[in-house]
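Peer 1: Below is the structure I would like to discuss, written out as structure tokens.
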Amino acid sequence: MACCYQVSLGGGIVVVAASSFSVNSKLKPIPFLKAELLKPMASDLSPDRSIFHDASSSSPRRDLVFIVNPRGANGRTGKEWKKLLPYLRSRLGKNCNICESMTSGPYHAIDITREAIREGADAVVAVGGDGTLHEVVNGFFWAGKPVTNHNREATRSTALGLIPLGTGSDFARTLGWKNDPCEAINRIAKGLRSPVDVGVITGESEEESHYFINVADIHLSAKAGYFASRYKRFGNLCYVIGALQAFHGA
Ligand SMILES: Nc1ncnc2c1ncn2[C@@H]1O[C@H](COP(=O)(O)OP(=O)(O)OP(=O)(O)O)[C@@H](O)[C@H]1O
């Protein structure tokens, strides 16, 4: 009998149809669904490599693409972003071309990210919560492979950045970052790169792959995230309400 399972991918929700399904703590292969860890999103992401060149050198300016979800955190992301822009320009504008791109709805961040990488952006920075970060991470891949720059002579890959301005911003917390956008800009200004693992849940075809950088949940926890998305207006409390609703309906 075919059943539907809810799988939460670092903030987003997808529904996966499966004929049978079992779960174990090691996420071992299960029919239609498996998770595995990839190595860094790009092979040259080594620690302590600057994404910017020295301002005093004659190197070209770097291109940074900021993907902003204006509706994140119940609209707070868009408002905060506007206030943040002068600081961002003052910290980064000397060395970088700053490109701002607002998302128009769910999944738009995936397309913008792919385009930015193909055009050779030095970094794509997610501005919003875990859902926006999740979409940007998925934009780094297409049909099961990393998206690459059109310019085959390019020596550096695109880096991923984050300005956490969402409701939960769980990934930033996991890394021990404060939910402070100015601090995030200062981190970006330093321009250091670190490798990061990315997990993938594969479907029957490469197109069905879903990538996650933070956490992948199934069943109760995934349902809690799903219900929480209905109560974002209550801030972090939405996760408590979502968990109670999931538990009640489990
Ligand atoms: N313009 C838009 N209008 C409505 N929804 C959007 C728009 N742009 C993006 N989204 C969707 O909003 C979802 C939630 O956004 P985001 O994660 O940035 O904020 P959040 O849910 O408040 O934060 P968190 O996930 O950290 O709790 C994203 O998964 C995305 O699909």
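Naming works like this for the structure tokens: A, B, ... for the chains as they're shown, residue 1 at the start of each chain, ligands 1 onward in shown order.
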List as a PyMOL selection string the protein and nucleic acid residues lying within 10 Å of ligand 1, with only C-alpha atoms and all ligand atoms counted.
Peer 2: chain A and resi 9-13+67-78+102-110+126-136+164-172+225+228-233+235-236+238-239
Peer 1: Can you pull out every residue within 7 Å of Ile213 (chain A), counting only C-alpha atoms, but drop anything in the same chain fewer than 3 positions away, and send it as number ranges by chain?
Peer 2: A: 197-199
Peer 1: Got a sec: who's within 9 Å of Leu84 (chain A), counting only C-alpha atoms, leaving out chain neighbours fewer than 5 positions off, as a ChimeraX atom specification?
Peer 2: /A:79,89,181-182
Peer 1: How would the residues just picked look written out with N, CA and C atoms as a tab-separated table (two decimals), in the first residue's frame?
Peer 2:
```tsv
chain	number	residue	atom	x	y	z
A	79	LYS	N	12.39	43.98	6.68
A	79	LYS	CA	12.57	45.27	7.38
A	79	LYS	C	13.99	45.40	7.89
A	89	ARG	N	27.03	47.98	3.10
A	89	ARG	CA	27.78	48.69	2.04
A	89	ARG	C	29.08	49.26	2.61
A	181	PRO	N	22.85	40.22	12.85
A	181	PRO	CA	23.22	40.38	11.43
A	181	PRO	C	24.52	41.17	11.24
A	182	CYS	N	24.80	42.13	12.13
A	182	CYS	CA	26.05	42.91	11.98
A	182	CYS	C	27.26	41.99	12.19
```
Peer 1: Counting only C-alpha atoms, which of A:Ile117, A:Ala184, A:Ala224, A:Val240 gets nearest to Ala154 (chain A)?
Peer 2: A:Ile117
Peer 1: Between CA of Asp217 (chain A) and CA of Gly139 (chain A), what is the distance in Å, rounded to a tenth?
Peer 2: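 According to the coordinates, CA of Asp217 (chain A) and CA of Gly139 (chain A) are separated by 20.3 Å.
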Peer 1: When DSSP is applied to the backbone of this structure, which of region 59-195 of chain A are assigned strand (DSSP E or B)? Write them out as an MDAnalysis selection string.
Peer 2: chainID A and resid 62:68 96:102 123:128 141:142 145:146 159:164 192:193
Peer 1: Next, the residues of the selection above should be written as a short mmCIF file (atom, residue, chain, number, x, y, z; two decimals), in the first residue's frame with N, CA and C atoms.
Peer 2:
```cif
data_model
loop_
_atom_site.label_atom_id
_atom_site.label_comp_id
_atom_site.auth_asym_id
_atom_site.auth_seq_id
_atom_site.Cartn_x
_atom_site.Cartn_y
_atom_site.Cartn_z
N ARG A 62 35.19 41.41 -5.91
CA ARG A 62 34.45 40.14 -5.80
C ARG A 62 32.95 40.40 -5.95
N ASP A 63 32.25 39.43 -6.47
CA ASP A 63 30.80 39.56 -6.64
C ASP A 63 30.07 38.76 -5.56
N LEU A 64 29.33 39.47 -4.73
CA LEU A 64 28.55 38.80 -3.68
C LEU A 64 27.07 38.94 -3.98
N VAL A 65 26.37 37.85 -3.98
CA VAL A 65 24.93 37.89 -4.24
C VAL A 65 24.19 37.59 -2.94
N PHE A 66 23.38 38.54 -2.49
CA PHE A 66 22.60 38.36 -1.26
C PHE A 66 21.17 38.00 -1.66
N ILE A 67 20.73 36.83 -1.24
CA ILE A 67 19.37 36.39 -1.55
C ILE A 67 18.51 36.59 -0.31
N VAL A 68 17.58 37.53 -0.42
CA VAL A 68 16.82 37.97 0.75
C VAL A 68 15.37 37.49 0.64
N CYS A 96 33.90 44.78 -2.84
CA CYS A 96 32.97 43.83 -3.47
C CYS A 96 31.86 44.54 -4.25
N ASN A 97 31.37 43.85 -5.26
CA ASN A 97 30.12 44.25 -5.91
C ASN A 97 29.00 43.54 -5.15
N ILE A 98 28.06 44.34 -4.66
CA ILE A 98 26.98 43.76 -3.87
C ILE A 98 25.73 43.66 -4.72
N CYS A 99 25.23 42.46 -4.86
CA CYS A 99 24.01 42.26 -5.66
C CYS A 99 22.92 41.75 -4.73
N GLU A 100 21.79 42.43 -4.75
CA GLU A 100 20.70 42.09 -3.84
C GLU A 100 19.56 41.47 -4.65
N SER A 101 19.06 40.35 -4.22
CA SER A 101 17.98 39.71 -4.97
C SER A 101 16.89 39.26 -3.99
N MET A 102 15.70 39.80 -4.16
CA MET A 102 14.58 39.46 -3.26
C MET A 102 13.85 38.23 -3.81
N ALA A 123 30.39 34.52 -3.92
CA ALA A 123 29.64 33.96 -2.78
C ALA A 123 28.16 34.24 -2.97
N VAL A 124 27.35 33.30 -2.55
CA VAL A 124 25.90 33.51 -2.47
C VAL A 124 25.54 33.49 -0.99
N VAL A 125 24.93 34.56 -0.53
CA VAL A 125 24.64 34.69 0.90
C VAL A 125 23.13 34.63 1.12
N ALA A 126 22.69 33.66 1.91
CA ALA A 126 21.27 33.54 2.24
C ALA A 126 20.95 34.54 3.35
N VAL A 127 19.91 35.35 3.14
CA VAL A 127 19.49 36.30 4.17
C VAL A 127 18.07 35.92 4.57
N GLY A 128 17.93 35.33 5.74
CA GLY A 128 16.62 34.86 6.20
C GLY A 128 16.81 33.73 7.19
N PHE A 141 23.18 22.74 -6.30
CA PHE A 141 23.17 21.45 -7.01
C PHE A 141 22.07 21.44 -8.07
N TRP A 142 22.29 20.63 -9.07
CA TRP A 142 21.24 20.42 -10.08
C TRP A 142 21.41 19.02 -10.66
N LYS A 145 24.27 16.94 -9.28
CA LYS A 145 25.67 17.38 -9.38
C LYS A 145 25.79 18.84 -8.93
N PRO A 146 26.99 19.22 -8.47
CA PRO A 146 27.17 20.64 -8.12
C PRO A 146 27.02 21.52 -9.36
N ALA A 159 31.22 30.39 -2.83
CA ALA A 159 31.08 30.06 -1.40
C ALA A 159 29.63 30.33 -0.96
N LEU A 160 29.23 29.66 0.08
CA LEU A 160 27.91 29.88 0.68
C LEU A 160 28.06 30.78 1.89
N GLY A 161 27.18 31.75 2.04
CA GLY A 161 27.20 32.62 3.22
C GLY A 161 25.82 32.69 3.85
N LEU A 162 25.77 33.21 5.07
CA LEU A 162 24.48 33.29 5.77
C LEU A 162 24.42 34.54 6.65
N ILE A 163 23.33 35.29 6.48
CA ILE A 163 22.98 36.31 7.47
C ILE A 163 21.68 35.82 8.11
N PRO A 164 21.78 35.28 9.34
CA PRO A 164 20.59 34.66 9.94
C PRO A 164 19.59 35.70 10.41
N LEU A 192 36.68 34.45 5.26
CA LEU A 192 37.31 33.12 5.43
C LEU A 192 36.35 32.02 4.99
N ARG A 193 36.92 31.03 4.33
CA ARG A 193 36.11 29.89 3.88
C ARG A 193 36.38 28.67 4.75
#
```
Peer 1: Report, in Å to a single decimal, how far apart CA of Glu115 (chain A) and CA of Ser194 (chain A) are.
Peer 2: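 CA of Ser194 (chain A) sits 22.7 Å away from CA of Glu115 (chain A).
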Peer 1: Kindly give the distance, in Å, that separates CA of Glu80 (chain A) and CA of Leu237 (chain A), rounded to a single decimal.
Peer 2: 20.2 Å
